[in-house]
>>> print(open('coords08.txt').read())   # compact mmCIF, C-alpha atoms
# COMPACT_ATOMS: atom_id res chain seq x y z
CA MET A 23 2.15 26.77 27.23
CA ARG A 24 -0.70 27.60 24.87
CA VAL A 25 1.76 28.73 22.22
CA VAL A 26 3.68 25.44 22.47
CA TYR A 27 0.43 23.48 22.19
CA PHE A 28 -0.61 25.59 19.20
CA LEU A 29 2.71 25.03 17.42
CA LEU A 30 2.67 21.28 18.08
CA ARG A 31 -0.92 21.02 16.89
CA VAL A 32 -0.18 22.91 13.67
CA ALA A 33 2.98 20.85 13.08
CA LEU A 34 1.01 17.61 13.50
CA GLY A 35 -1.64 18.93 11.12
CA GLY A 36 1.03 19.76 8.55
CA ILE A 37 2.50 16.26 8.84
CA PHE A 38 -0.89 14.69 8.18
CA LEU A 39 -1.53 16.93 5.18
CA ALA A 40 1.91 16.11 3.75
CA ALA A 41 1.31 12.39 4.30
CA ALA A 42 -1.99 12.46 2.39
CA TRP A 43 -0.84 14.10 -0.84
CA ASP A 44 0.87 11.19 -2.62
CA LYS A 45 -1.89 8.77 -1.68
CA ILE A 46 -4.58 11.02 -3.14
CA VAL A 47 -2.59 11.53 -6.33
CA ASP A 48 -2.02 7.79 -6.88
CA PRO A 49 -4.66 5.74 -5.01
CA LEU A 50 -3.88 2.58 -6.98
CA ALA A 51 -0.27 2.59 -5.81
CA PHE A 52 -1.50 3.15 -2.26
CA ALA A 53 -3.97 0.27 -2.65
CA LYS A 54 -1.09 -2.00 -3.66
CA ILE A 55 0.84 -1.03 -0.56
CA ILE A 56 -2.17 -1.64 1.69
CA ARG A 57 -2.71 -5.03 0.08
CA ASN A 58 0.92 -5.97 0.62
CA TYR A 59 0.43 -5.61 4.37
CA GLN A 60 -2.07 -8.52 4.15
CA ILE A 61 -4.24 -7.10 6.91
CA VAL A 62 -7.19 -5.56 5.08
CA PRO A 63 -9.39 -8.07 3.15
CA ASP A 64 -8.91 -7.80 -0.61
CA MET A 65 -12.45 -6.57 -1.17
CA LEU A 66 -11.93 -3.58 1.12
CA VAL A 67 -8.52 -2.46 -0.12
CA GLY A 68 -9.92 -0.06 -2.74
CA GLY A 69 -12.24 1.66 -0.26
CA VAL A 70 -9.58 1.98 2.43
CA ALA A 71 -7.08 3.36 -0.10
CA GLN A 72 -9.52 6.09 -1.02
CA VAL A 73 -10.92 7.10 2.36
CA LEU A 74 -7.78 6.93 4.50
CA PRO A 75 -5.90 9.82 2.79
CA TRP A 76 -8.97 12.05 3.09
CA ILE A 77 -9.26 11.27 6.79
CA GLU A 78 -5.65 12.45 7.01
CA VAL A 79 -6.54 15.62 5.12
CA VAL A 80 -9.57 16.42 7.30
CA VAL A 81 -7.64 15.61 10.49
CA GLY A 82 -4.74 17.76 9.27
CA MET A 83 -7.00 20.69 8.45
CA CYS A 84 -8.83 20.41 11.78
CA LEU A 85 -5.53 20.36 13.67
CA ILE A 86 -4.29 23.43 11.83
CA THR A 87 -7.51 25.41 12.26
CA GLY A 88 -8.31 24.13 15.76
CA LEU A 89 -11.78 22.99 14.67
CA PHE A 90 -12.77 19.70 16.36
CA ALA A 91 -9.29 19.65 17.87
CA ARG A 92 -10.09 16.87 20.32
CA GLY A 93 -11.61 14.60 17.69
CA ALA A 94 -8.82 15.37 15.24
CA SER A 95 -5.97 14.80 17.70
CA PHE A 96 -7.64 11.66 19.02
CA SER A 97 -8.03 10.39 15.43
CA ALA A 98 -4.40 11.24 14.70
CA THR A 99 -3.22 9.25 17.71
CA LEU A 100 -5.44 6.34 16.81
CA MET A 101 -4.23 6.34 13.21
CA MET A 102 -0.57 6.46 14.20
CA ALA A 103 -1.11 3.56 16.63
CA VAL A 104 -2.78 1.56 13.85
CA PHE A 105 -0.05 2.42 11.32
CA LEU A 106 2.71 1.42 13.73
CA SER A 107 0.91 -1.82 14.57
CA ALA A 108 0.54 -2.60 10.87
CA MET A 109 4.25 -1.97 10.29
CA ALA A 110 5.15 -4.16 13.27
CA TRP A 111 2.90 -6.90 11.89
CA ALA A 112 4.54 -6.73 8.45
CA TRP A 113 8.01 -6.65 10.02
CA HIS A 114 7.17 -9.67 12.18
CA LYS A 115 5.77 -11.61 9.21
CA GLY A 116 8.82 -10.80 7.11
CA ILE A 117 6.69 -8.98 4.54
CA SER A 118 8.85 -6.84 2.34
CA THR A 119 6.76 -3.79 1.49
CA GLN A 120 6.76 -0.05 1.34
CA CYS A 121 5.65 1.82 4.44
CA GLY A 122 3.00 3.81 2.54
CA CYS A 123 3.39 6.52 5.15
CA PHE A 124 4.44 9.62 3.22
CA THR A 125 4.91 8.37 -0.31
CA THR A 126 3.61 5.64 -2.56
CA LYS A 127 6.93 5.42 -4.38
CA ALA A 128 9.37 2.60 -3.86
CA ASP A 129 11.80 4.48 -1.63
CA ASP A 130 10.22 4.17 1.79
CA ALA A 131 10.40 0.50 2.73
CA ILE A 132 9.59 -0.50 6.30
CA SER A 133 12.76 -0.16 8.35
CA VAL A 134 14.04 0.99 11.72
CA ARG A 135 13.95 4.52 10.33
CA THR A 136 10.21 4.33 9.56
CA PHE A 137 9.52 2.95 13.05
CA ILE A 138 11.45 5.80 14.68
CA ARG A 139 9.76 8.40 12.45
CA ASP A 140 6.22 7.12 13.01
CA GLY A 141 6.91 6.52 16.70
CA SER A 142 7.95 10.17 17.02
CA ILE A 143 4.76 11.29 15.26
CA LEU A 144 2.72 9.09 17.62
CA ALA A 145 4.43 10.76 20.60
CA LEU A 146 3.63 14.17 19.10
CA ALA A 147 0.00 13.14 18.52
CA LEU A 148 -0.28 11.96 22.14
CA LEU A 149 1.03 15.33 23.37
CA VAL A 150 -1.42 17.24 21.20
CA THR A 151 -4.31 14.99 22.26
CA THR A 152 -3.47 15.55 25.92
CA GLY A 153 -3.30 19.30 25.29
CA SER A 154 -6.63 19.29 23.44
CA PHE A 155 -8.47 17.44 26.18
CA LEU A 156 -6.93 19.53 28.96
CA GLY A 157 -7.80 22.70 27.04
CA ALA A 158 -11.40 21.57 26.62
CA ARG A 159 -11.66 20.80 30.32
CA ARG A 160 -10.34 24.23 31.31
CA ALA A 161 -12.63 26.08 28.90
CA MET B 23 -21.83 37.27 26.80
CA ALA B 24 -21.16 36.87 30.49
CA HIS B 25 -17.51 36.89 31.54
CA GLY B 26 -16.17 33.36 32.06
CA ALA B 27 -19.06 31.62 30.29
CA ALA B 28 -18.16 28.02 29.55
CA ARG B 29 -17.37 27.26 25.92
CA HIS B 30 -19.57 24.50 24.57
CA TRP B 31 -17.65 21.67 22.93
CA PRO B 32 -19.47 19.09 20.85
CA PRO B 33 -19.15 15.60 22.29
CA LEU B 34 -16.09 13.66 21.13
CA TRP B 35 -18.16 11.05 19.33
CA LEU B 36 -19.86 13.78 17.30
CA GLU B 37 -16.50 15.27 16.32
CA LEU B 38 -15.28 11.84 15.21
CA ILE B 39 -18.43 11.21 13.18
CA LEU B 40 -18.19 14.62 11.51
CA ILE B 41 -14.52 14.05 10.63
CA ALA B 42 -15.31 10.62 9.18
CA ALA B 43 -18.34 11.91 7.26
CA LEU B 44 -16.38 14.82 5.78
CA ALA B 45 -13.52 12.51 4.76
CA GLY B 46 -15.95 10.01 3.26
CA GLY B 47 -17.72 12.73 1.27
CA LEU B 48 -14.46 14.17 -0.04
CA SER B 49 -13.16 10.75 -1.09
CA VAL B 50 -16.39 9.98 -2.96
CA ALA B 51 -16.27 13.37 -4.71
CA MET B 52 -12.58 12.97 -5.61
CA ASN B 53 -13.10 9.48 -7.00
CA TYR B 54 -16.05 10.76 -9.01
CA VAL B 55 -13.93 13.36 -10.81
CA ARG B 56 -10.94 11.08 -11.34
CA PRO B 57 -10.29 10.18 -14.99
CA GLU B 58 -9.89 6.54 -13.93
CA PRO B 59 -11.89 5.95 -10.75
CA LEU B 60 -10.64 3.24 -8.42
CA PRO B 61 -13.30 0.61 -7.65
CA TRP B 62 -14.55 0.85 -4.07
CA VAL B 63 -14.97 -2.89 -3.78
CA ALA B 64 -12.63 -5.05 -5.83
CA ASP B 65 -11.07 -8.44 -5.41
CA PHE B 66 -7.58 -7.77 -6.75
CA ALA B 67 -6.58 -11.44 -6.73
CA ALA B 68 -9.64 -12.46 -8.73
CA GLU B 69 -9.12 -9.53 -11.10
CA ALA B 70 -5.50 -10.56 -11.71
CA ARG B 71 -6.62 -14.11 -12.50
CA ARG B 72 -9.39 -12.86 -14.80
CA GLU B 73 -6.97 -10.63 -16.69
CA ALA B 74 -4.55 -13.52 -17.18
CA LEU B 75 -7.40 -15.75 -18.34
CA ARG B 76 -8.53 -13.07 -20.80
CA LYS B 77 -5.05 -13.33 -22.32
CA GLY B 78 -5.44 -17.10 -22.37
CA LEU B 79 -2.70 -17.61 -19.80
CA GLU B 80 -2.44 -20.30 -17.16
CA THR B 81 -2.19 -18.92 -13.62
CA ILE B 82 -0.97 -20.28 -10.33
CA ASP B 83 -1.09 -18.89 -6.81
CA VAL B 84 2.03 -18.47 -4.75
CA TYR B 85 1.65 -21.71 -2.80
CA GLY B 86 1.26 -23.69 -5.99
CA ALA B 87 4.32 -21.91 -7.36
CA ILE B 88 6.36 -22.78 -4.27
CA SER B 89 5.47 -26.45 -4.71
CA LEU B 90 6.64 -26.31 -8.34
CA ARG B 91 10.07 -24.97 -7.44
CA GLY B 92 12.89 -27.46 -7.92
CA ARG B 93 10.92 -29.76 -10.20
CA PRO B 94 12.75 -30.78 -13.38
CA GLY B 95 12.05 -28.51 -16.33
CA VAL B 96 10.51 -25.76 -14.21
CA ILE B 97 12.21 -22.36 -14.52
CA PHE B 98 11.14 -19.26 -12.63
CA VAL B 99 11.30 -16.15 -14.81
CA ASP B 100 11.48 -12.71 -13.19
CA ALA B 101 9.82 -10.08 -15.40
CA ARG B 102 10.99 -7.13 -13.30
CA THR B 103 13.91 -4.85 -14.06
CA SER B 104 17.47 -6.07 -13.67
CA GLY B 105 17.88 -3.70 -10.71
CA GLU B 106 14.92 -5.18 -8.84
CA PHE B 107 16.10 -8.68 -9.75
CA ALA B 108 19.60 -7.99 -8.41
CA LEU B 109 18.16 -6.71 -5.14
CA SER B 110 16.01 -9.73 -4.38
CA ARG B 111 14.40 -12.56 -6.34
CA VAL B 112 12.93 -16.04 -6.18
CA ALA B 113 15.84 -18.36 -5.46
CA GLY B 114 17.17 -19.75 -8.72
CA ALA B 115 15.05 -17.47 -10.92
CA LYS B 116 16.29 -16.06 -14.23
CA ASN B 117 15.75 -12.45 -15.20
CA LEU B 118 13.97 -11.62 -18.43
CA PRO B 119 12.78 -8.02 -18.03
CA GLN B 120 9.39 -7.32 -19.57
CA GLU B 121 11.04 -4.70 -21.83
CA ALA B 122 12.52 -7.64 -23.77
CA ILE B 123 9.15 -8.12 -25.47
CA TYR B 124 9.96 -5.08 -27.63
CA GLY B 125 13.05 -6.80 -29.06
CA ASP B 126 13.85 -10.33 -30.18
CA LEU B 127 12.26 -12.13 -27.26
CA ALA B 128 13.00 -15.67 -28.43
CA GLU B 129 16.71 -14.87 -28.70
CA ALA B 130 16.74 -13.10 -25.31
CA ALA B 131 14.98 -16.08 -23.72
CA GLN B 132 17.35 -18.61 -25.21
CA ALA B 133 20.32 -16.47 -24.18
CA ILE B 134 19.42 -16.97 -20.50
CA GLY B 135 18.78 -20.68 -20.96
CA LEU B 136 15.03 -20.93 -21.40
CA GLY B 137 14.00 -23.82 -23.62
CA VAL B 138 10.74 -24.35 -25.48
CA GLU B 139 10.16 -27.58 -23.53
CA ASP B 140 10.60 -25.89 -20.15
CA ARG B 141 7.70 -24.88 -17.97
CA LEU B 142 8.21 -21.16 -17.42
CA VAL B 143 6.75 -19.74 -14.21
CA VAL B 144 6.66 -15.98 -14.69
CA TYR B 145 6.27 -13.40 -11.93
CA CYS B 146 6.60 -9.65 -11.41
CA GLY B 147 6.41 -7.35 -8.38
CA ASP B 148 2.96 -7.77 -6.90
CA ILE B 149 -0.60 -8.78 -7.58
CA LEU B 150 -1.41 -5.61 -9.50
CA CYS B 151 1.63 -5.63 -11.77
CA ASP B 152 1.13 -6.45 -15.43
CA LYS B 153 4.69 -7.26 -16.49
CA SER B 154 4.39 -11.00 -15.84
CA LYS B 155 1.20 -11.26 -17.88
CA GLU B 156 2.64 -9.20 -20.75
CA LEU B 157 5.87 -11.20 -20.77
CA ALA B 158 4.04 -14.53 -20.51
CA GLU B 159 1.78 -13.64 -23.41
CA ALA B 160 4.76 -12.59 -25.53
CA LEU B 161 6.73 -15.73 -24.59
CA ARG B 162 3.88 -17.93 -25.71
CA THR B 163 3.67 -16.04 -29.01
CA ALA B 164 7.44 -16.43 -29.36
CA GLY B 165 7.11 -20.21 -29.25
CA PHE B 166 7.28 -21.11 -25.55
CA PRO B 167 3.99 -23.00 -24.99
CA TYR B 168 4.32 -23.90 -21.29
CA VAL B 169 4.00 -20.56 -19.54
CA THR B 170 2.35 -19.97 -16.15
CA VAL B 171 1.84 -16.65 -14.35
CA VAL B 172 2.22 -16.33 -10.58
CA THR B 173 -0.67 -13.96 -9.82
CA ASP B 174 0.53 -12.95 -6.33
CA GLY B 175 3.84 -11.63 -7.64
CA PHE B 176 7.12 -11.43 -5.76
CA ASP B 177 5.57 -9.64 -2.76
CA GLY B 178 3.19 -12.56 -2.33
CA TRP B 179 6.08 -14.99 -2.68
CA VAL B 180 8.03 -13.26 0.09
CA ALA B 181 4.97 -13.02 2.32
CA ALA B 182 4.27 -16.74 1.85
CA GLY B 183 7.82 -17.55 2.91
CA GLY B 184 9.05 -18.67 -0.50
CA PRO B 185 12.84 -18.97 -0.74
CA THR B 186 14.60 -15.87 -2.03
CA GLU B 187 18.14 -14.83 -2.79
CA GLY B 188 19.76 -11.45 -3.23
CA GLY B 189 19.28 -8.49 -0.89
CA ILE B 190 16.59 -9.79 1.51
>>> encode(input="coords08.txt", output="structure tokens")
Amino acid sequence: MRVVYFLLRVALGGIFLAAAWDKIVDPLAFAKIIRNYQIVPDMLVGGVAQVLPWIEVVVGMCLITGLFARGASFSATLMMAVFLSAMAWAWHKGISTQCGCFTTKADDAISVRTFIRDGSILALALLVTTGSFLGARRA
Amino acid sequence: MAHGAARHWPPLWLELILIAALAGGLSVAMNYVRPEPLPWVADFAAEARREALRKGLETIDVYGAISLRGRPGVIFVDARTSGEFALSRVAGAKNLPQEAIYGDLAEAAQAIGLGVEDRLVVYCGDILCDKSKELAEALRTAGFPYVTVVTDGFDGWVAAGGPTEGGI
């Protein structure tokens, strides 16, 4: 069971690291995507575009190394819930924008595919979070 | 160490604070070393308007642009690529890609039916795109005096529920 938890945790960490790369390379493009969602006030878009990818990096590294595993997995779950809610909001409002999930390029528009993908990652994050908290309780 | 000693975990709130602090520190450091740092606090809409004003261009927000649509003499001009235009556009808009500014713009504009007496409402992809401002500036230089830039871009138009045609 521990091996399965370890593998899931590392996989989730890898996903978060992969998701952060493009956003760190091109923060302006990521800022545009965030703005298109029309959720974050204009004044805060630049700050969010810069901090969010680094939260993903730190969470990803923590998940891979096992350091602060509870905080990292909890953060991952929270982030995925927020991302999915933001996509649902944009979908509901008829906003045509990129997902901004794994790339800042114009080939990842919000669609059923992005909902299924991010929903699967949320499920994975929930599993890892449960494992982290159970592991901490047993220790 | 005694066998079975409990491992001490930091409280969850402390882990969350440490993660946030580390991420904040890294993002500050990364932005510091970037050749072109991104402003932490910036009003993109105001900046887009200021940039257009610096070029001496008239601007309009998306709701004003929607109210202009259908009025006589008003033509929406899409400054994006022909591929983006084909996919989705403001209903009734004409495509004059920004790249046309490097050729004979007046001829290209007249070829798609733009007249010097028309009010040209130019837009591009989103609030941060520059194509509409560049095209509008070049159109004015080419002899089209009544040019207005939609600062919110096509994304803003779609979000505001403006009529579109094409792929969406």
>>> interface_residues(input="coords08.txt", of="chain B", to="chain A", cutoff="7 Å", atoms="only C-alpha atoms", output="list in words")
Ala28, Arg29, Leu34, Glu37, Leu38, Ile41, Ala42, Ala45, Gly46, Leu48, Ser49, Leu60, Pro61, Trp62, Val63, Ala64, Asp65, Phe66, Leu150, Asp177, Val180 and Ala181 of chain B
>>> closest_residue(input="coords08.txt", among="B:Gly175, B:Phe166, B:Ala182, B:Leu118", to="Ala67 (chain B)", atoms="only C-alpha atoms")
B:Gly175
>>> residues_near_point(input="coords08.txt", point="(11.6, -28.7, -15.5)", cutoff="12 Å", atoms="all atoms listed in the file", output="PyMOL selection string")
chain B and resi 90-98+136-143+168-169
>>> residues_around(input="coords08.txt", residues="Arg24 (chain A)", least_positions_apart="5", cutoff="9 Å", atoms="only C-alpha atoms", output="PDB file with C-alpha atoms, keeping the file's coordinate frame")
ATOM      1  CA  LEU A  29       2.710  25.030  17.420  1.00  0.00           C
ATOM      2  CA  GLY A 153      -3.300  19.300  25.290  1.00  0.00           C
ATOM      3  CA  GLY A 157      -7.800  22.700  27.040  1.00  0.00           C
TER       4      GLY A 157
END
>>> residues_around(input="coords08.txt", residues="Ser110 (chain B)", least_positions_apart="2", cutoff="10 Å", atoms="all atoms listed in the file", output="list in words")
Gly105, Glu106, Phe107, Ala108, Val112, Ala113, Phe176, Val180, Thr186, Glu187, Gly188, Gly189 and Ile190 of chain B
